[in-house]
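J.: Quick one: the structure is below, questions incoming.
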Amino acid sequence: MSQESSHRVVVIVDENSNPFELGCATEIFGLRRPEIGPRFNPALYDFRLCSPEPDTLMRDGFFTLTGVAGLDATEHADTLIVPNRPDVDAPRRPAVLDAIRAAHSRGTRLVGFCSGAFTLAEAGVLDGRRATAHWQWADDFRARFPQVQLEPDVLFVDDGDILTAAGSAAALDLGLHIVRRDHGAEIANAVSRRLVFAAHRDGGQRQFVERPVPDLPDESLAPVMAWAQEHLDTALSVTDLAARAAISPATLHRRFQAQLGTTPLAWLTGERITLARRLIELGEQRFDVVARRTGLGTATNLRTLMRRETGLTPSAYRRRFGTSPS
């Protein structure tokens, strides 16, 4: 059996914390992953919970959390997930804010789910940084923390060493994004399949879509999306997608915006990049072949789009996540 992961994820749980986001963090970072296969370490992270008090009453008194570590556990965190709770106006404990500041000064990656952005902002680590929070608190957040660059209409924001997610379900999106950033697309896809959750919703997608469920069955995008995923190696265009769906390109744009909060072209490019990452991870060494099989055309275009989407060139991505050719 492979050794345990050395990357430690620590979650601070404080009074009135939300159980849902704690569950998301536990599900993504705290479980062993036999589904990722024998050639990967099934323990992706060393996961710990901590709290400033021995007994922590969770949101609305649902239950009391006991038996977790104290705040000194944050001193050994590589990634620290901060408390989130519905009472955003109540000040956070000074000890918790001090622990967050100290972790930030050590270079620890910080993560805030939903109202966790308030915790990070109160600690002062978001000054001059990009962040998001749930849309219903956007005005309050701006008024209290004008020095933070709030992006209120996205699912999550990756600002390097500080990452924030909007509503509760966006915690899963951000968690999978972190797994993808740390371990690559193949493992993130395996985790998402175990969760029965969308493998990749880009952080720039809107928090609130006008019509999350289509009014009519024939307006579902699922058939044309599934068809496109089977034909990524061809030079598909938005016009091709619209023709497949038997609607006009303008109607296709409206449905993508209403149902997914993105454009057909952005979605298609994201699917191509996801496939490119998986091919590189699985050992394809020839970037011109990767570009051709994903419909990106040329190795130059692959390099440009991968760098834009992942921050890494194909060569750098291969060094980090690829496997050696057999």
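Labeling convention for the structure tokens: chains A, B, ... as they appear, residues from 1 per chain, ligands from 1 in order of appearance.
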What parts of region 48-140 of chain A does DSSP call strand (DSSP E)? I'd like the answer as a list in words.

T.: Arg48, Leu49, Cys50, Asp55, Thr56, Leu57, Thr64, Leu65, Thr66, Thr79, Leu80, Ile81, Arg109, Leu110, Val111, Gly112, Phe113, Arg130 and Ala131 of chain A

J.: For those residues, write all heavy atoms to a file as a short mmCIF file (atom, residue, chain, number, x, y, z; two decimals), in the first residue's frame.

T.:
data_model
loop_
_atom_site.label_atom_id
_atom_site.label_comp_id
_atom_site.auth_asym_id
_atom_site.auth_seq_id
_atom_site.Cartn_x
_atom_site.Cartn_y
_atom_site.Cartn_z
N ARG A 48 -7.77 16.76 8.89
CA ARG A 48 -7.98 16.96 10.33
C ARG A 48 -9.06 18.02 10.56
O ARG A 48 -9.19 18.97 9.80
CB ARG A 48 -6.69 17.44 11.00
CG ARG A 48 -5.49 16.51 10.79
CD ARG A 48 -5.63 15.20 11.54
NE ARG A 48 -4.58 14.27 11.20
CZ ARG A 48 -3.41 14.19 11.84
NH1 ARG A 48 -3.15 15.03 12.85
NH2 ARG A 48 -2.50 13.30 11.48
N LEU A 49 -9.80 17.84 11.65
CA LEU A 49 -10.73 18.85 12.15
C LEU A 49 -10.16 19.46 13.41
O LEU A 49 -9.50 18.78 14.20
CB LEU A 49 -12.10 18.25 12.46
CG LEU A 49 -12.87 17.57 11.33
CD1 LEU A 49 -14.19 17.03 11.87
CD2 LEU A 49 -13.12 18.52 10.19
N CYS A 50 -10.42 20.74 13.60
CA CYS A 50 -10.02 21.38 14.85
C CYS A 50 -11.04 22.43 15.24
O CYS A 50 -11.86 22.86 14.42
CB CYS A 50 -8.62 21.99 14.74
SG CYS A 50 -8.51 23.50 13.74
N ASP A 55 -16.05 21.35 22.97
CA ASP A 55 -17.39 21.03 22.48
C ASP A 55 -17.88 22.18 21.62
O ASP A 55 -17.92 23.33 22.07
CB ASP A 55 -18.37 20.82 23.64
CG ASP A 55 -17.95 19.67 24.54
OD1 ASP A 55 -17.31 18.73 24.03
OD2 ASP A 55 -18.25 19.73 25.74
N THR A 56 -18.26 21.89 20.38
CA THR A 56 -18.68 22.92 19.45
C THR A 56 -20.11 22.66 19.01
O THR A 56 -20.40 21.63 18.39
CB THR A 56 -17.76 22.96 18.21
OG1 THR A 56 -16.41 23.17 18.63
CG2 THR A 56 -18.17 24.08 17.27
N LEU A 57 -21.01 23.58 19.33
CA LEU A 57 -22.40 23.47 18.93
C LEU A 57 -22.54 23.93 17.50
O LEU A 57 -22.23 25.07 17.16
CB LEU A 57 -23.28 24.32 19.85
CG LEU A 57 -24.80 24.10 19.76
CD1 LEU A 57 -25.15 22.69 20.22
CD2 LEU A 57 -25.53 25.14 20.59
N THR A 64 -23.63 18.55 18.53
CA THR A 64 -22.42 19.07 19.15
C THR A 64 -21.24 18.24 18.67
O THR A 64 -21.27 17.00 18.73
CB THR A 64 -22.50 19.03 20.67
OG1 THR A 64 -23.59 19.83 21.11
CG2 THR A 64 -21.21 19.55 21.30
N LEU A 65 -20.21 18.91 18.18
CA LEU A 65 -19.00 18.24 17.71
C LEU A 65 -18.00 18.16 18.85
O LEU A 65 -17.68 19.18 19.48
CB LEU A 65 -18.41 19.01 16.53
CG LEU A 65 -17.21 18.39 15.82
CD1 LEU A 65 -17.63 17.12 15.09
CD2 LEU A 65 -16.59 19.39 14.85
N THR A 66 -17.50 16.98 19.12
CA THR A 66 -16.53 16.79 20.19
C THR A 66 -15.38 15.93 19.69
O THR A 66 -15.46 15.31 18.62
CB THR A 66 -17.17 16.09 21.41
OG1 THR A 66 -17.61 14.78 21.02
CG2 THR A 66 -18.36 16.88 21.93
N THR A 79 -3.27 23.26 3.80
CA THR A 79 -4.49 23.93 3.37
C THR A 79 -5.38 24.09 4.59
O THR A 79 -5.60 23.11 5.32
CB THR A 79 -5.24 23.12 2.30
OG1 THR A 79 -4.43 23.06 1.11
CG2 THR A 79 -6.57 23.77 1.95
N LEU A 80 -5.87 25.29 4.82
CA LEU A 80 -6.72 25.57 5.98
C LEU A 80 -8.08 26.06 5.50
O LEU A 80 -8.17 27.06 4.78
CB LEU A 80 -6.08 26.64 6.87
CG LEU A 80 -6.84 27.02 8.15
CD1 LEU A 80 -6.95 25.84 9.08
CD2 LEU A 80 -6.16 28.20 8.84
N ILE A 81 -9.13 25.33 5.87
CA ILE A 81 -10.50 25.72 5.55
C ILE A 81 -11.08 26.42 6.76
O ILE A 81 -11.11 25.85 7.86
CB ILE A 81 -11.35 24.49 5.15
CG1 ILE A 81 -10.71 23.78 3.95
CG2 ILE A 81 -12.78 24.92 4.83
CD1 ILE A 81 -11.42 22.51 3.54
N ARG A 109 -2.27 27.55 2.27
CA ARG A 109 -3.39 27.85 1.37
C ARG A 109 -4.66 27.97 2.19
O ARG A 109 -4.97 27.10 3.01
CB ARG A 109 -3.52 26.74 0.33
CG ARG A 109 -4.64 26.96 -0.68
CD ARG A 109 -4.53 25.98 -1.85
NE ARG A 109 -4.68 24.59 -1.42
CZ ARG A 109 -4.51 23.53 -2.22
NH1 ARG A 109 -4.16 23.72 -3.49
NH2 ARG A 109 -4.66 22.31 -1.77
N LEU A 110 -5.44 29.03 1.95
CA LEU A 110 -6.65 29.30 2.72
C LEU A 110 -7.87 29.10 1.84
O LEU A 110 -7.88 29.52 0.67
CB LEU A 110 -6.63 30.72 3.28
CG LEU A 110 -5.45 31.09 4.19
CD1 LEU A 110 -5.56 32.54 4.63
CD2 LEU A 110 -5.39 30.17 5.41
N VAL A 111 -8.93 28.51 2.41
CA VAL A 111 -10.15 28.23 1.67
C VAL A 111 -11.34 28.67 2.50
O VAL A 111 -11.42 28.37 3.71
CB VAL A 111 -10.29 26.72 1.35
CG1 VAL A 111 -11.61 26.45 0.63
CG2 VAL A 111 -9.11 26.25 0.50
N GLY A 112 -12.27 29.40 1.88
CA GLY A 112 -13.50 29.79 2.53
C GLY A 112 -14.70 29.35 1.70
O GLY A 112 -14.78 29.66 0.52
N PHE A 113 -15.59 28.58 2.32
CA PHE A 113 -16.82 28.16 1.67
C PHE A 113 -17.95 29.07 2.09
O PHE A 113 -18.16 29.30 3.28
CB PHE A 113 -17.18 26.72 2.05
CG PHE A 113 -16.23 25.67 1.56
CD1 PHE A 113 -16.00 24.51 2.30
CD2 PHE A 113 -15.56 25.82 0.36
CE1 PHE A 113 -15.13 23.53 1.85
CE2 PHE A 113 -14.69 24.85 -0.10
CZ PHE A 113 -14.47 23.70 0.65
N ARG A 130 -8.98 39.09 -4.64
CA ARG A 130 -10.25 38.70 -5.25
C ARG A 130 -10.91 37.63 -4.39
O ARG A 130 -10.25 36.75 -3.85
CB ARG A 130 -10.02 38.17 -6.66
CG ARG A 130 -9.45 39.17 -7.62
CD ARG A 130 -8.97 38.50 -8.90
NE ARG A 130 -9.99 37.64 -9.50
CZ ARG A 130 -9.83 36.32 -9.67
NH1 ARG A 130 -8.72 35.71 -9.28
NH2 ARG A 130 -10.80 35.61 -10.22
N ALA A 131 -12.25 37.70 -4.32
CA ALA A 131 -12.99 36.71 -3.55
C ALA A 131 -14.44 36.72 -4.00
O ALA A 131 -14.89 37.62 -4.71
CB ALA A 131 -12.91 37.01 -2.05
#

J.: Counting only C-alpha atoms, what are the residues of region 72-187 of chain A within 12 Å of region 261-266 of chain A, and for each of them which pair of atoms is the nearest and at what distance in Å, to one decimal? Sort the table by chain and rising number, as a tab-separated table.

T.:
residue	atom	partner	partner_atom	distance
A:Asp153	CA	A:Gly261	CA	10.0
A:Val154	CA	A:Gly261	CA	9.3
A:Leu155	CA	A:Gly261	CA	10.1

J.: Output N, CA, C and O atoms for every residue in the selection just made, as a compact mmCIF listing (two decimals), in the first residue's frame.

T.:
# COMPACT_ATOMS: atom_id res chain seq x y z
N ASP A 153 -20.92 37.18 -8.65
CA ASP A 153 -21.77 36.42 -9.57
C ASP A 153 -21.03 35.23 -10.17
O ASP A 153 -21.22 34.89 -11.33
N VAL A 154 -20.14 34.63 -9.38
CA VAL A 154 -19.40 33.46 -9.85
C VAL A 154 -19.52 32.35 -8.81
O VAL A 154 -19.89 32.59 -7.66
N LEU A 155 -19.19 31.13 -9.22
CA LEU A 155 -19.27 29.98 -8.30
C LEU A 155 -18.13 29.98 -7.30
O LEU A 155 -18.32 29.71 -6.11

J.: Quick one: everything within 12 Å of Arg144 (chain A), counting only C-alpha atoms, minus sequence neighbours fewer than 2 positions away in the same chain. Send it as a PyMOL selection string.

T.: chain A and resi 88-89+91+117-119+121-122+124+127+137-142+146-148+150

J.: So, counting only C-alpha atoms, which residue among A:Leu305, A:Ile187, A:Ala95, A:Ala169 is closest to Arg33 (chain A)?

T.: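 Ranked by minimum distance to Arg33 (chain A), first place goes to A:Ile187.
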
J.: Mind pulling up the distance from CA of Asn16 (chain A) to CA of Gly67 (chain A)?

T.: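 Between these atoms lies a distance of 16.8 Å.
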
J.: My list of candidates is A:Arg194, A:Arg92, A:Arg244, A:Arg106. Which is closest to Ile36 (chain A) when distances are computed with only C-alpha atoms?

T.: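 Checking each candidate against Ile36 (chain A), we get A:Arg194 as the closest.
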